[in-house]
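So this one's final.pdb, PDB, C-alpha atoms:
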MODEL        1
ATOM      1  CA  ALA A 152       0.000   0.000   0.000
ATOM      2  CA  VAL A 153       1.125   3.555  -0.641
ATOM      3  CA  ALA A 154      -0.224   4.928   2.638
ATOM      4  CA  VAL A 155       2.513   3.840   5.023
ATOM      5  CA  ASP A 156       4.691   5.640   7.529
ATOM      6  CA  LYS A 157       8.478   5.659   7.899
ATOM      7  CA  VAL A 158       8.516   2.149   9.352
ATOM      8  CA  ASN A 159       6.086   0.829   6.721
ATOM      9  CA  LYS A 160       3.079   0.713   9.021
ATOM     10  CA  PRO A 161      -0.275   1.471   7.331
ATOM     11  CA  LEU A 162      -1.463   5.007   8.020
ATOM     12  CA  VAL A 163      -5.100   3.911   8.226
ATOM     13  CA  ARG A 164      -5.408   1.414  11.032
ATOM     14  CA  PRO A 165      -8.035  -1.352  10.895
ATOM     15  CA  SER A 166      -9.809   0.319  13.833
ATOM     16  CA  VAL A 167     -10.165   3.617  11.931
ATOM     17  CA  ARG A 168     -12.868   4.365   9.371
ATOM     18  CA  LEU A 169     -11.986   6.860   6.645
ATOM     19  CA  MET A 170     -15.095   8.637   5.346
ATOM     20  CA  ASN A 171     -15.633  11.053   2.471
ATOM     21  CA  GLU A 172     -18.744  13.159   3.068
ATOM     22  CA  ILE A 173     -18.115  15.402   0.069
ATOM     23  CA  LYS A 174     -19.295  12.877  -2.509
ATOM     24  CA  GLY A 175     -22.606  13.783  -4.060
ATOM     25  CA  ILE A 176     -22.385  17.455  -2.997
ATOM     26  CA  ARG A 177     -22.287  20.094  -5.752
ATOM     27  CA  LEU A 178     -19.608  22.646  -4.987
ATOM     28  CA  PRO A 179     -18.225  25.599  -6.952
ATOM     29  CA  LEU A 180     -14.795  25.389  -8.528
ATOM     30  CA  ILE A 181     -12.055  27.147  -6.583
ATOM     31  CA  PRO A 182      -9.683  29.438  -8.486
ATOM     32  CA  GLY A 183      -6.166  28.283  -7.751
ATOM     33  CA  ASP A 184      -3.442  25.728  -8.270
ATOM     34  CA  HIS A 185      -4.951  22.262  -8.692
ATOM     35  CA  TYR A 186      -1.855  20.399  -7.571
ATOM     36  CA  LYS A 187      -1.170  22.551  -4.518
ATOM     37  CA  CYS A 188      -4.778  22.344  -3.319
ATOM     38  CA  THR A 189      -4.727  18.569  -3.783
ATOM     39  CA  GLN A 190      -1.478  18.348  -1.837
ATOM     40  CA  MET A 191      -2.959  20.460   0.975
ATOM     41  CA  ILE A 192      -5.981  18.161   1.427
ATOM     42  CA  TYR A 193      -3.787  15.083   1.054
ATOM     43  CA  ASN A 194      -1.478  16.334   3.811
ATOM     44  CA  LEU A 195      -4.388  17.044   6.150
ATOM     45  CA  VAL A 196      -5.977  13.641   5.627
ATOM     46  CA  THR A 197      -2.748  11.647   5.956
ATOM     47  CA  ASN A 198      -1.793  13.680   9.027
ATOM     48  CA  ALA A 199      -5.136  12.845  10.647
ATOM     49  CA  CYS A 200      -4.673   9.168   9.805
ATOM     50  CA  LYS A 201      -1.212   9.114  11.366
ATOM     51  CA  PHE A 202      -2.479  10.338  14.722
ATOM     52  CA  THR A 203      -5.800   8.485  14.909
ATOM     53  CA  GLU A 204      -5.620   5.046  16.489
ATOM     54  CA  LYS A 205      -9.358   4.328  16.560
ATOM     55  CA  GLY A 206     -12.604   5.927  15.491
ATOM     56  CA  SER A 207     -12.778   7.880  12.247
ATOM     57  CA  VAL A 208     -11.245  10.423   9.911
ATOM     58  CA  VAL A 209     -13.890  12.409   8.013
ATOM     59  CA  LEU A 210     -13.470  14.705   5.006
ATOM     60  CA  SER A 211     -16.298  17.220   4.567
ATOM     61  CA  ALA A 212     -17.017  20.549   2.870
ATOM     62  CA  LYS A 213     -19.495  23.442   3.058
ATOM     63  CA  TYR A 214     -20.100  26.376   0.723
ATOM     64  CA  PHE A 215     -21.337  29.703   2.075
ATOM     65  CA  GLU A 216     -22.861  31.624  -0.811
ATOM     66  CA  ALA A 217     -23.352  34.796   1.230
ATOM     67  CA  THR A 218     -19.627  35.155   1.888
ATOM     68  CA  LYS A 219     -18.457  33.366  -1.274
ATOM     69  CA  LYS A 220     -16.283  31.055   0.752
ATOM     70  CA  MET A 221     -15.838  27.322   1.006
ATOM     71  CA  GLU A 222     -14.759  25.385   4.064
ATOM     72  CA  VAL A 223     -13.078  22.018   3.731
ATOM     73  CA  SER A 224     -12.680  20.150   7.013
ATOM     74  CA  VAL A 225     -10.818  17.059   8.153
ATOM     75  CA  THR A 226     -12.192  15.738  11.443
ATOM     76  CA  ASP A 227     -10.528  12.952  13.416
ATOM     77  CA  THR A 228     -11.003  11.142  16.702
ATOM     78  CA  GLY A 229      -7.279  11.021  17.396
ATOM     79  CA  ARG A 230      -5.174  12.020  20.369
ATOM     80  CA  GLY A 231      -5.868  15.703  20.035
ATOM     81  CA  ILE A 232      -3.453  18.616  20.311
ATOM     82  CA  SER A 233      -2.616  20.662  23.386
ATOM     83  CA  LYS A 234      -3.344  24.399  23.485
ATOM     84  CA  ASP A 235       0.363  25.127  23.300
ATOM     85  CA  GLY A 236       0.801  22.679  20.445
ATOM     86  CA  GLN A 237      -1.953  24.353  18.437
ATOM     87  CA  LYS A 238       0.131  27.532  18.420
ATOM     88  CA  ARG A 239       3.135  25.747  16.940
ATOM     89  CA  ILE A 240       1.953  23.036  14.569
ATOM     90  CA  PHE A 241       1.741  25.287  11.500
ATOM     91  CA  GLN A 242       5.377  26.306  11.921
ATOM     92  CA  PRO A 243       8.029  24.303  10.001
ATOM     93  CA  PHE A 244       9.749  21.469  11.879
ATOM     94  CA  GLN A 245       7.217  21.507  14.707
ATOM     95  CA  GLN A 246       5.246  18.476  15.875
ATOM     96  CA  GLU A 247       2.995  17.812  18.821
ATOM     97  CA  GLN A 248       4.424  14.995  20.923
ATOM     98  CA  ASN A 249       1.859  14.309  23.617
ATOM     99  CA  GLY A 250       2.652  10.628  23.803
ATOM    100  CA  ASP A 251       5.110   8.082  22.480
ATOM    101  CA  ALA A 252       7.427  10.167  20.282
ATOM    102  CA  ARG A 253       8.125   7.099  18.178
ATOM    103  CA  SER A 254       4.591   7.402  16.797
ATOM    104  CA  PHE A 255       5.340  10.862  15.381
ATOM    105  CA  GLN A 256       7.537  10.245  12.362
ATOM    106  CA  GLY A 257       8.877  12.930  10.028
ATOM    107  CA  ILE A 258      10.203  16.452  10.547
ATOM    108  CA  GLY A 259       6.916  18.294  10.710
ATOM    109  CA  LEU A 260       6.549  20.082   7.375
ATOM    110  CA  GLY A 261       3.107  18.829   6.310
ATOM    111  CA  LEU A 262       0.949  21.310   8.219
ATOM    112  CA  ALA A 263       3.345  24.170   7.507
ATOM    113  CA  VAL A 264       2.952  23.411   3.797
ATOM    114  CA  CYS A 265      -0.840  23.402   4.201
ATOM    115  CA  SER A 266      -0.749  26.796   5.882
ATOM    116  CA  GLU A 267       1.458  28.222   3.135
ATOM    117  CA  ILE A 268      -0.770  26.871   0.350
ATOM    118  CA  ALA A 269      -3.881  28.294   2.009
ATOM    119  CA  ALA A 270      -2.187  31.696   2.351
ATOM    120  CA  LEU A 271      -1.126  31.653  -1.310
ATOM    121  CA  HIS A 272      -4.806  31.234  -2.200
ATOM    122  CA  GLU A 273      -5.773  34.114   0.117
ATOM    123  CA  GLY A 274      -7.335  31.618   2.477
ATOM    124  CA  GLU A 275      -6.613  30.344   5.960
ATOM    125  CA  ILE A 276      -6.396  27.156   7.956
ATOM    126  CA  LYS A 277      -7.512  26.710  11.548
ATOM    127  CA  VAL A 278      -7.572  23.901  14.074
ATOM    128  CA  VAL A 279      -9.959  23.122  16.914
ATOM    129  CA  SER A 280      -8.723  20.330  19.128
ATOM    130  CA  GLU A 281      -8.988  18.781  22.563
ATOM    131  CA  LEU A 282      -6.610  16.270  24.062
ATOM    132  CA  GLY A 283      -8.057  12.790  24.070
ATOM    133  CA  LYS A 284     -11.005  13.707  21.839
ATOM    134  CA  GLY A 285      -9.604  14.596  18.438
ATOM    135  CA  SER A 286      -9.096  17.504  16.077
ATOM    136  CA  VAL A 287     -10.842  19.433  13.310
ATOM    137  CA  PHE A 288      -8.678  21.132  10.687
ATOM    138  CA  THR A 289     -10.618  23.581   8.524
ATOM    139  CA  VAL A 290      -9.386  25.296   5.365
ATOM    140  CA  THR A 291     -11.327  28.358   4.195
ATOM    141  CA  LEU A 292     -10.945  29.384   0.536
ATOM    142  CA  PHE A 293     -12.545  31.990  -1.708
ATOM    143  CA  ALA A 294     -15.024  30.611  -4.253
ATOM    144  CA  ASP A 295     -17.408  33.071  -5.915
ATOM    145  CA  GLY A 296     -18.782  30.534  -8.396
ATOM    146  CA  ALA A 297     -17.438  32.439 -11.422
ATOM    147  CA  LEU A 298     -15.725  29.278 -12.690
ATOM    148  CA  GLY A 299     -18.919  27.262 -12.431
ATOM    149  CA  MET A 300     -19.714  24.160 -10.451
ATOM    150  CA  ALA A 301     -17.555  21.093 -10.186
ATOM    151  CA  LYS A 302     -18.716  18.458 -12.671
ATOM    152  CA  SER A 303     -18.141  15.605 -10.276
ATOM    153  CA  VAL A 304     -16.829  14.858  -6.828
ATOM    154  CA  THR A 305     -14.845  11.723  -6.044
ATOM    155  CA  ASP A 306     -17.015   8.806  -5.005
ATOM    156  CA  SER A 307     -14.423   7.134  -2.840
ATOM    157  CA  ASP A 308     -13.931   6.498   0.855
ATOM    158  CA  GLU A 309     -10.204   5.996   0.390
ATOM    159  CA  LEU A 310      -7.292   8.363   0.848
ATOM    160  CA  PRO A 311      -6.924  11.170  -1.698
ATOM    161  CA  LYS A 312      -5.465   9.609  -4.809
ATOM    162  CA  LYS A 313      -1.926  10.169  -5.980
ATOM    163  CA  SER A 314      -3.115  10.906  -9.523
ATOM    164  CA  SER A 315      -2.308  14.620  -9.411
ATOM    165  CA  LEU A 316       1.291  13.958  -8.460
ATOM    166  CA  VAL A 317       1.516  11.135 -10.984
ATOM    167  CA  ASP A 318       0.205  13.479 -13.681
ATOM    168  CA  THR A 319       2.861  16.010 -12.756
ATOM    169  CA  LEU A 320       5.561  13.357 -12.884
ATOM    170  CA  SER A 321       4.236  12.196 -16.255
ATOM    171  CA  GLU A 322       4.739  15.705 -17.594
ATOM    172  CA  VAL A 323       8.306  15.606 -16.298
ATOM    173  CA  LYS A 324       8.908  12.247 -17.994
ATOM    174  CA  ALA A 325       7.753  13.688 -21.307
ATOM    175  CA  LEU A 326      10.511  16.295 -21.097
ATOM    176  CA  VAL A 327      13.293  13.769 -20.438
ATOM    177  CA  HIS A 328      14.547  12.126 -23.618
ATOM    178  CA  PRO A 329      15.868   8.528 -23.518
ATOM    179  CA  LEU A 330      19.626   8.023 -23.678
ATOM    180  CA  THR A 331      20.858   7.154 -27.151
ATOM    181  CA  ASN A 332      22.569   3.976 -25.924
ATOM    182  CA  GLY A 333      19.295   2.646 -24.514
ATOM    183  CA  ALA A 334      20.445   2.876 -20.883
ATOM    184  CA  ARG A 335      17.995   3.934 -18.215
ATOM    185  CA  ARG A 336      18.400   7.326 -16.571
ATOM    186  CA  LEU A 337      18.833   7.504 -12.806
ATOM    187  CA  VAL A 338      16.392   9.563 -10.733
ATOM    188  CA  LEU A 339      17.306  10.599  -7.198
ATOM    189  CA  SER A 340      14.324  11.426  -4.976
ATOM    190  CA  VAL A 341      15.088  13.024  -1.610
ATOM    191  CA  ASP A 342      12.085  13.241   0.720
ATOM    192  CA  ASP A 343      11.578  12.395   4.398
ATOM    193  CA  ASP A 344       8.004  11.222   3.719
ATOM    194  CA  GLU A 345       7.696   7.559   2.728
ATOM    195  CA  VAL A 346       4.273   8.198   1.187
ATOM    196  CA  ASN A 347       5.723  10.719  -1.259
ATOM    197  CA  GLN A 348       8.623   8.405  -2.002
ATOM    198  CA  GLU A 349       6.264   5.576  -2.911
ATOM    199  CA  VAL A 350       4.333   7.871  -5.231
ATOM    200  CA  VAL A 351       7.502   8.976  -7.022
ATOM    201  CA  ARG A 352       8.827   5.424  -7.249
ATOM    202  CA  GLY A 353       5.549   4.059  -8.578
ATOM    203  CA  ALA A 354       5.251   6.771 -11.221
ATOM    204  CA  LEU A 355       8.818   6.572 -12.535
ATOM    205  CA  GLN A 356      10.183   3.088 -11.996
ATOM    206  CA  ASP A 357       8.936   1.694 -15.321
ATOM    207  CA  GLU A 358      11.203   4.048 -17.247
ATOM    208  CA  PHE A 359      13.849   5.151 -14.756
ATOM    209  CA  ASP A 360      16.080   3.655 -12.098
ATOM    210  CA  VAL A 361      14.767   5.384  -8.986
ATOM    211  CA  PHE A 362      16.888   5.809  -5.863
ATOM    212  CA  CYS A 363      15.055   7.160  -2.817
ATOM    213  CA  ALA A 364      16.882   8.857   0.051
ATOM    214  CA  MET A 365      15.238   9.966   3.278
ATOM    215  CA  ASP A 366      17.603  12.911   3.822
ATOM    216  CA  GLY A 367      20.492  14.821   2.294
ATOM    217  CA  HIS A 368      23.130  12.745   4.074
ATOM    218  CA  GLU A 369      21.760   9.513   2.639
ATOM    219  CA  ALA A 370      21.532  11.108  -0.804
ATOM    220  CA  LEU A 371      25.221  12.021  -0.745
TER     221      LEU A 371
ENDMDL
END
When written as structure tokens, how does the structure in this file appear?
Amino acid sequence: AVAVDKVNKPLVRPSVRLMNEIKGIRLPLIPGDHYKCTQMIYNLVTNACKFTEKGSVVLSAKYFEATKKMEVSVTDTGRGISKDGQKRIFQPFQQEQNGDARSFQGIGLGLAVCSEIAALHEGEIKVVSELGKGSVFTVTLFADGALGMAKSVTDSDELPKKSSLVDTLSEVKALVHPLTNGARRLVLSVDDDEVNQEVVRGALQDEFDVFCAMDGHEAL
């Protein structure tokens, strides 16, 4: 499975139900970068899955026509975040460690990236959380309906698909010409997130020799 952590444990535990409550809802298109918005939601959902040991992770959305804004929320029944932690989690290299630190893999860039993407779209991201009860991350984005309504919404209860990243990698592949001697080119992917590494490897390994490094030291 693609959705694994640094030690190859599934992000979605058997005791956790992942639900998509957006399916079937007609929502306006949001002006912005398709890939970055996809990455933002992907980060929020995978982050919720990492820190939820039982219960559910729910993706939902609401459109407020009066204010021309859309709210996309990821709600989990995980460990929750302390008041102090809520002030820090959107800063790079910050993670909330209110338990076994071994369960908190990575260097803490996911939520910082989400905050930056929301800001680039003149939006914002907020969190409401209580220790032992879970968290709700809500992204608010401008959507005046000028681009029309979305033709369809994913009808899946699974994690956000890696298709957007795969499409981007496919565009990159189209720009790289094969070597004249028929040898395969080498691609070096440096990323501390095993999920991203699996996406890159899966998209490129048919045509390239892919070497994945978890940090700069390993890459060198």
| message | Could you check which residues have any atom within 8 Å of (-7.1, 16.2, 22.1), counting all atoms listed in the file with coordinates taken straight from the file, and then list them as a count of residues only? | response | 12
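Shortest separation to Asp343 (chain A) among A:Gly299, A:Gly261, A:Gly236, A:Pro182 occurs at residue A:Gly261, atoms counted being only C-alpha atoms.
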| field | Selected residue of minimal separation from Leu180 (chain A) among A:Arg168, A:Lys220, A:Arg336, A:Lys205, counting only C-alpha atoms | value |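 Counting only C-alpha atoms, the residue closest to Leu180 (chain A) is A:Lys220.
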| request: Around the point (3.8, 27.4, 0.1) in the file's coordinates, collect all residues with an atom within 12 Å, using only C-alpha atoms, and return them as a VMD selection string. | output: chain A and resid 184 186 to 188 190 to 191 241 to 243 260 to 273
On this file, the PyMOL selection byres ((chain A and resi 226) around 12) gives some set of residues; write that set as an mmCIF file with C-alpha atoms, in the coordinates of the input.
data_model
loop_
_atom_site.group_PDB
_atom_site.id
_atom_site.type_symbol
_atom_site.label_atom_id
_atom_site.label_comp_id
_atom_site.auth_asym_id
_atom_site.auth_seq_id
_atom_site.Cartn_x
_atom_site.Cartn_y
_atom_site.Cartn_z
ATOM 1 C CA ARG A 168 -12.868 4.365 9.371
ATOM 2 C CA LEU A 169 -11.986 6.860 6.645
ATOM 3 C CA MET A 170 -15.095 8.637 5.346
ATOM 4 C CA ASN A 171 -15.633 11.053 2.471
ATOM 5 C CA GLU A 172 -18.744 13.159 3.068
ATOM 6 C CA LEU A 195 -4.388 17.044 6.150
ATOM 7 C CA VAL A 196 -5.977 13.641 5.627
ATOM 8 C CA THR A 197 -2.748 11.647 5.956
ATOM 9 C CA ASN A 198 -1.793 13.680 9.027
ATOM 10 C CA ALA A 199 -5.136 12.845 10.647
ATOM 11 C CA CYS A 200 -4.673 9.168 9.805
ATOM 12 C CA PHE A 202 -2.479 10.338 14.722
ATOM 13 C CA THR A 203 -5.800 8.485 14.909
ATOM 14 C CA GLY A 206 -12.604 5.927 15.491
ATOM 15 C CA SER A 207 -12.778 7.880 12.247
ATOM 16 C CA VAL A 208 -11.245 10.423 9.911
ATOM 17 C CA VAL A 209 -13.890 12.409 8.013
ATOM 18 C CA LEU A 210 -13.470 14.705 5.006
ATOM 19 C CA SER A 211 -16.298 17.220 4.567
ATOM 20 C CA ALA A 212 -17.017 20.549 2.870
ATOM 21 C CA VAL A 223 -13.078 22.018 3.731
ATOM 22 C CA SER A 224 -12.680 20.150 7.013
ATOM 23 C CA VAL A 225 -10.818 17.059 8.153
ATOM 24 C CA ASP A 227 -10.528 12.952 13.416
ATOM 25 C CA THR A 228 -11.003 11.142 16.702
ATOM 26 C CA GLY A 229 -7.279 11.021 17.396
ATOM 27 C CA ARG A 230 -5.174 12.020 20.369
ATOM 28 C CA GLY A 231 -5.868 15.703 20.035
ATOM 29 C CA LYS A 277 -7.512 26.710 11.548
ATOM 30 C CA VAL A 278 -7.572 23.901 14.074
ATOM 31 C CA VAL A 279 -9.959 23.122 16.914
ATOM 32 C CA SER A 280 -8.723 20.330 19.128
ATOM 33 C CA GLU A 281 -8.988 18.781 22.563
ATOM 34 C CA LYS A 284 -11.005 13.707 21.839
ATOM 35 C CA GLY A 285 -9.604 14.596 18.438
ATOM 36 C CA SER A 286 -9.096 17.504 16.077
ATOM 37 C CA VAL A 287 -10.842 19.433 13.310
ATOM 38 C CA PHE A 288 -8.678 21.132 10.687
ATOM 39 C CA THR A 289 -10.618 23.581 8.524
ATOM 40 C CA VAL A 290 -9.386 25.296 5.365
#
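From CA of Arg335 (chain A) back to CA of Glu358 (chain A), the distance works out to 6.9 Å.
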| task | Expand the PyMOL selection byres ((chain A and resi 362) around 10) into the individual residues it matches in the shown file, reporting them as a ChimeraX atom specification. | result | /A:337-341,348,351-352,356,359-361,363-364,370
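Within the file as shown, the PyMOL selection byres ((chain A and resi 179) around 9) identifies A:Arg177, A:Leu178, A:Leu180, A:Ile181, A:Tyr214, A:Met221, A:Ala294, A:Asp295, A:Gly296, A:Ala297, A:Leu298, A:Gly299, A:Met300, A:Ala301.
Among the candidates A:Gly333, A:Phe215, A:Lys238, A:Ile173, the residue lying nearest to Leu292 (chain A) is A:Phe215 (atoms considered: only C-alpha atoms).
Nearest residue to Gln237 (chain A) among A:Lys201, A:Lys219, A:Ile276, A:Leu371 is A:Ile276, counting only C-alpha atoms.
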